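Heads up: the structure comes next, in structure tokens.
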Amino acid sequence: MSGPLGASQFMYSSGAANFYEYQIEQSVRFDRASGSYMNRTVGTPSNNKIGTYSMWLKKVINGVYVQLFFVYDGGGINLIFYDTDKLYSDIGSGSDGGSSTKVFRDTQTWSHLVVRVDTTQSANNDRVRVYENGTQLDGFTGTVGQNTVYKHNKSGNVLYFGHNTGATYNFDGYMAEVIFTDGQSYAPTQFGETKNGVWIPKDPSGTTFGNNGFHLKFANASSLGTDSSGNGNNFSVTNMGADHQTLQSPTFGS
């Protein structure tokens, strides 16, 4: 097996706690019908050409555009699932992205995505690297110019989770353990590891967050956008009440 095991496979096993040495105890539910989303205005970056996203997610809908992250800066800068269920990422111009050759249609299990950006790299294919469950995805190659500004980390831009300001592409599904590092290009092994052939979460202690970095655990149901990195880079929430916190996660619940 190459992906994470469904939590229900371990939930009632006495070995569950031992298998998952690092526990993610909750997630947040994005509801497309009610238009739920999160946003914050980006501050002064440590480095607007280097950064890493790490997130666990579970889709619940296929065959439609599904927005993960979005900013608008002369065009929409996206991390989004297309209606073909391929993952698309662009970081600087609204047209410099690539899309995965893989399709994502599993609505039953969690996936770990890492988007690793370093546009200072001399090799085209090293400037944006996207991974699922620790494995680099094909399709994100040679499209981003050297020293392109990562507009998800550009001062003054508004960063949205689960929402596109120009279209009804709201995310429908679950997110857990969302991390952004400003100025650090981390491999997936900073956040996950393989155990018994399964990709599982790893304690991200030691992560350097930089000025705009954040760590969203969704642990406080009354304040779902609270940043746990120590930076205080909290998110505002829209149409997301305490009932949007769930016990589903990559390591707990079903």
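Ordering of the structure tokens sets the chain letters (A, B, ...), residue numbers begin anew at 1 in every chain, and ligands are numbered from 1 in the order given.
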Checklist line | Close residues, stretch 194-205 of chain A itself excluded, 12 Å, only C-alpha atoms, min 3 positions apart in chain, as a VMD selection string | finding: chain A and resid 1 to 7 18 to 25 54 to 56 110 to 113 131 to 135 176 to 181 186 to 191 208 to 209 214 to 215 217 228 to 229 249 to 252
Next item on the list: Write out as a PyMOL selection string which residues come within 10 Å of A:Ser222 when counting only C-alpha atoms, dropping same-chain ones fewer than 4 positions away.
Entry: chain A and resi 218+226+240-245
Do a neighbour search on stretch 59-72 of chain A at 7 Å with only C-alpha atoms, toss out local chain neighbours closer than 6 positions, and write the hits as an mmCIF file with N, CA and C atoms, in the first residue's frame.
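Contents of selection.cif, freshly written:
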data_model
loop_
_atom_site.group_PDB
_atom_site.id
_atom_site.type_symbol
_atom_site.label_atom_id
_atom_site.label_comp_id
_atom_site.auth_asym_id
_atom_site.auth_seq_id
_atom_site.Cartn_x
_atom_site.Cartn_y
_atom_site.Cartn_z
ATOM 1 N N ASN A 78 -3.416 29.914 -7.888
ATOM 2 C CA ASN A 78 -4.226 28.824 -7.353
ATOM 3 C C ASN A 78 -3.434 27.605 -6.904
ATOM 4 N N LEU A 79 -4.032 26.902 -5.976
ATOM 5 C CA LEU A 79 -3.822 25.467 -5.799
ATOM 6 C C LEU A 79 -5.230 24.896 -5.817
ATOM 7 N N ILE A 80 -5.543 24.116 -6.860
ATOM 8 C CA ILE A 80 -6.935 23.771 -7.130
ATOM 9 C C ILE A 80 -7.019 22.413 -7.820
ATOM 10 N N PHE A 81 -8.081 21.681 -7.528
ATOM 11 C CA PHE A 81 -8.403 20.495 -8.317
ATOM 12 C C PHE A 81 -9.297 20.924 -9.469
ATOM 13 N N TYR A 82 -8.907 20.548 -10.683
ATOM 14 C CA TYR A 82 -9.734 20.819 -11.859
ATOM 15 C C TYR A 82 -10.975 19.930 -11.859
ATOM 16 N N ASP A 83 -11.878 20.225 -12.815
ATOM 17 C CA ASP A 83 -13.043 19.362 -12.990
ATOM 18 C C ASP A 83 -12.642 17.997 -13.544
ATOM 19 N N THR A 84 -11.394 17.877 -13.999
ATOM 20 C CA THR A 84 -10.858 16.576 -14.412
ATOM 21 C C THR A 84 -10.288 15.806 -13.233
ATOM 22 N N ASP A 85 -10.307 16.438 -12.036
ATOM 23 C CA ASP A 85 -9.764 15.877 -10.793
ATOM 24 C C ASP A 85 -8.248 15.803 -10.799
ATOM 25 N N ARG A 105 -9.474 11.022 -7.210
ATOM 26 C CA ARG A 105 -10.906 10.738 -7.124
ATOM 27 C C ARG A 105 -11.274 9.938 -5.876
ATOM 28 N N THR A 107 -12.457 9.594 -2.367
ATOM 29 C CA THR A 107 -13.183 10.399 -1.380
ATOM 30 C C THR A 107 -13.286 9.687 -0.033
ATOM 31 N N HIS A 152 1.493 33.752 -3.171
ATOM 32 C CA HIS A 152 0.810 33.355 -1.940
ATOM 33 C C HIS A 152 1.525 33.925 -0.724
ATOM 34 N N ASN A 157 -1.234 40.752 -0.178
ATOM 35 C CA ASN A 157 -2.195 39.855 -0.829
ATOM 36 C C ASN A 157 -3.074 39.179 0.210
ATOM 37 N N VAL A 158 -4.304 38.865 -0.182
ATOM 38 C CA VAL A 158 -5.214 38.151 0.705
ATOM 39 C C VAL A 158 -5.200 36.681 0.296
ATOM 40 N N LEU A 159 -4.821 35.842 1.225
ATOM 41 C CA LEU A 159 -4.742 34.405 1.007
ATOM 42 C C LEU A 159 -6.035 33.755 1.481
ATOM 43 N N TYR A 160 -6.663 32.994 0.593
ATOM 44 C CA TYR A 160 -7.909 32.303 0.904
ATOM 45 C C TYR A 160 -7.685 30.799 0.922
ATOM 46 N N PHE A 161 -8.304 30.128 1.857
ATOM 47 C CA PHE A 161 -8.400 28.672 1.861
ATOM 48 C C PHE A 161 -9.827 28.294 1.500
ATOM 49 N N GLY A 162 -9.982 27.436 0.505
ATOM 50 C CA GLY A 162 -11.291 26.908 0.169
ATOM 51 C C GLY A 162 -12.193 27.856 -0.571
ATOM 52 N N HIS A 163 -11.635 28.900 -1.189
ATOM 53 C CA HIS A 163 -12.493 29.927 -1.797
ATOM 54 C C HIS A 163 -11.746 30.617 -2.930
ATOM 55 N N ASN A 164 -12.489 30.981 -3.968
ATOM 56 C CA ASN A 164 -11.985 31.758 -5.088
ATOM 57 C C ASN A 164 -12.875 32.986 -5.214
ATOM 58 N N TYR A 169 -15.912 28.080 -6.696
ATOM 59 C CA TYR A 169 -15.074 26.879 -6.675
ATOM 60 C C TYR A 169 -14.798 26.398 -5.255
ATOM 61 N N ASN A 170 -15.648 26.750 -4.315
ATOM 62 C CA ASN A 170 -15.345 26.457 -2.918
ATOM 63 C C ASN A 170 -15.021 24.991 -2.680
ATOM 64 N N PHE A 171 -14.076 24.776 -1.769
ATOM 65 C CA PHE A 171 -13.668 23.426 -1.403
ATOM 66 C C PHE A 171 -14.803 22.722 -0.681
ATOM 67 N N ASP A 172 -14.920 21.420 -0.907
ATOM 68 C CA ASP A 172 -15.881 20.591 -0.191
ATOM 69 C C ASP A 172 -15.106 19.382 0.323
ATOM 70 N N GLY A 173 -14.818 19.378 1.619
ATOM 71 C CA GLY A 173 -14.039 18.290 2.180
ATOM 72 C C GLY A 173 -13.392 18.697 3.486
ATOM 73 N N TYR A 174 -12.330 17.992 3.836
ATOM 74 C CA TYR A 174 -11.678 18.154 5.128
ATOM 75 C C TYR A 174 -10.220 18.543 4.938
#
Notebook entry, point to check: What is the atom CA of A:Thr101 to atom CA of A:Phe30 distance in Å?
Noted result: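 A separation of 25.6 Å between them.
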Item checked: Among the residues A:Gln26, A:Ser34, A:Asn153, A:Thr120, the one that comes closest to A:Thr168 [using only C-alpha atoms] ->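 Checking each candidate against A:Thr168, we get A:Ser34 as the closest.
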Next item on the list: Go through A:Gln121, A:Thr52, A:Val42, A:Asp138 one by one, measure the shortest atom-to-atom distance of each to A:Lys86 using only C-alpha atoms, and give the residue with the smallest value.
Entry: A:Asp138
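Atom to atom, atom CA of A:Gly232 and atom CA of A:Arg116 stand 22.7 Å apart.
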Checklist line | Å distance separating atom CA of A:Gly183 from atom CA of A:Gly94, one decimal place | finding: 21.4 Å
Notebook entry, point to check: For A:Val115, which residue among A:Gly156, A:Gln184, A:Asn48, A:Gly142 is the nearest when counting only C-alpha atoms?
Noted result: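 Using only C-alpha atoms, the shortest distance to A:Val115 belongs to A:Gln184.
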Next item on the list: Using DSSP on the backbone coordinates, identify the residues of stretch 20-81 of chain A assigned to strand (DSSP E or B); present them as a PyMOL selection string.
Entry: chain A and resi 27-30+37-41+50-59+66-72+76-81
Output file for the selection above: C-alpha atoms, as a PDB file, in the first residue's frame:
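Resulting contents of again.pdb:
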ATOM      1  CA  SER A  27      -9.742  18.519  11.195  1.00  0.00           C
ATOM      2  CA  VAL A  28     -11.936  21.269   9.779  1.00  0.00           C
ATOM      3  CA  ARG A  29     -14.840  20.685   7.396  1.00  0.00           C
ATOM      4  CA  PHE A  30     -15.248  22.998   4.419  1.00  0.00           C
ATOM      5  CA  TYR A  37     -13.684  29.530   3.827  1.00  0.00           C
ATOM      6  CA  MET A  38     -10.741  31.104   5.676  1.00  0.00           C
ATOM      7  CA  ASN A  39      -8.571  34.084   4.799  1.00  0.00           C
ATOM      8  CA  ARG A  40      -5.790  36.352   6.042  1.00  0.00           C
ATOM      9  CA  THR A  41      -3.812  39.271   4.656  1.00  0.00           C
ATOM     10  CA  ILE A  50      10.903  30.289  -1.128  1.00  0.00           C
ATOM     11  CA  GLY A  51       8.172  28.521   0.842  1.00  0.00           C
ATOM     12  CA  THR A  52       6.491  25.220   1.591  1.00  0.00           C
ATOM     13  CA  TYR A  53       2.877  24.144   2.102  1.00  0.00           C
ATOM     14  CA  SER A  54       2.049  20.922   3.895  1.00  0.00           C
ATOM     15  CA  MET A  55      -1.534  19.785   4.389  1.00  0.00           C
ATOM     16  CA  TRP A  56      -3.621  16.671   4.927  1.00  0.00           C
ATOM     17  CA  LEU A  57      -6.930  16.643   3.097  1.00  0.00           C
ATOM     18  CA  LYS A  58      -9.849  14.497   2.085  1.00  0.00           C
ATOM     19  CA  LYS A  59     -12.052  15.348  -0.871  1.00  0.00           C
ATOM     20  CA  VAL A  66     -12.369  22.489  -6.042  1.00  0.00           C
ATOM     21  CA  GLN A  67     -10.350  25.399  -4.637  1.00  0.00           C
ATOM     22  CA  LEU A  68      -7.713  24.708  -1.995  1.00  0.00           C
ATOM     23  CA  PHE A  69      -5.692  27.954  -1.802  1.00  0.00           C
ATOM     24  CA  PHE A  70      -6.139  31.201  -3.749  1.00  0.00           C
ATOM     25  CA  VAL A  71      -4.841  34.756  -4.011  1.00  0.00           C
ATOM     26  CA  TYR A  72      -5.660  37.430  -6.569  1.00  0.00           C
ATOM     27  CA  GLY A  76      -5.897  34.152  -9.827  1.00  0.00           C
ATOM     28  CA  ILE A  77      -2.974  32.276  -8.230  1.00  0.00           C
ATOM     29  CA  ASN A  78      -4.226  28.824  -7.353  1.00  0.00           C
ATOM     30  CA  LEU A  79      -3.822  25.467  -5.799  1.00  0.00           C
ATOM     31  CA  ILE A  80      -6.935  23.771  -7.130  1.00  0.00           C
ATOM     32  CA  PHE A  81      -8.403  20.495  -8.317  1.00  0.00           C
TER      33      PHE A  81
END
For A:Asn211: contacts at 7 Å, only C-alpha atoms, fewer than 6 positions along chain excluded, given as a PDB file with all heavy atoms, in the first residue's frame:
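Resulting contents of around_20.pdb:
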ATOM      1  N   THR A  44       4.721  41.064   5.804  1.00  0.00           N
ATOM      2  CA  THR A  44       6.035  41.167   5.180  1.00  0.00           C
ATOM      3  C   THR A  44       6.742  39.817   5.233  1.00  0.00           C
ATOM      4  O   THR A  44       6.949  39.265   6.323  1.00  0.00           O
ATOM      5  CB  THR A  44       6.897  42.225   5.888  1.00  0.00           C
ATOM      6  OG1 THR A  44       6.230  43.482   5.832  1.00  0.00           O
ATOM      7  CG2 THR A  44       8.265  42.337   5.232  1.00  0.00           C
ATOM      8  N   PRO A  45       7.110  39.258   4.093  1.00  0.00           N
ATOM      9  CA  PRO A  45       7.683  37.910   4.096  1.00  0.00           C
ATOM     10  C   PRO A  45       9.149  37.883   4.498  1.00  0.00           C
ATOM     11  O   PRO A  45       9.873  38.866   4.354  1.00  0.00           O
ATOM     12  CB  PRO A  45       7.522  37.466   2.642  1.00  0.00           C
ATOM     13  CG  PRO A  45       7.574  38.738   1.863  1.00  0.00           C
ATOM     14  CD  PRO A  45       6.915  39.779   2.726  1.00  0.00           C
ATOM     15  N   SER A  46       9.569  36.727   4.986  1.00  0.00           N
ATOM     16  CA  SER A  46      10.997  36.484   5.174  1.00  0.00           C
ATOM     17  C   SER A  46      11.676  36.308   3.828  1.00  0.00           C
ATOM     18  O   SER A  46      12.784  36.788   3.598  1.00  0.00           O
ATOM     19  CB  SER A  46      11.213  35.234   6.027  1.00  0.00           C
ATOM     20  OG  SER A  46      10.693  35.401   7.320  1.00  0.00           O
ATOM     21  N   ASP A 182       7.612  30.115   5.565  1.00  0.00           N
ATOM     22  CA  ASP A 182       8.054  31.272   4.797  1.00  0.00           C
ATOM     23  C   ASP A 182       9.578  31.277   4.791  1.00  0.00           C
ATOM     24  O   ASP A 182      10.216  31.463   5.834  1.00  0.00           O
ATOM     25  CB  ASP A 182       7.497  32.535   5.461  1.00  0.00           C
ATOM     26  CG  ASP A 182       8.017  33.835   4.870  1.00  0.00           C
ATOM     27  OD1 ASP A 182       8.761  33.795   3.879  1.00  0.00           O
ATOM     28  OD2 ASP A 182       7.668  34.901   5.423  1.00  0.00           O
TER      29      ASP A 182
END
Margin query: Here is a test: counting only C-alpha atoms, which residue of A:Gly75, A:Gly210, A:Gly97, A:Gly145 is nearest to A:Ala123?
Written below: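 Selected residue with least distance to A:Ala123: A:Gly145.
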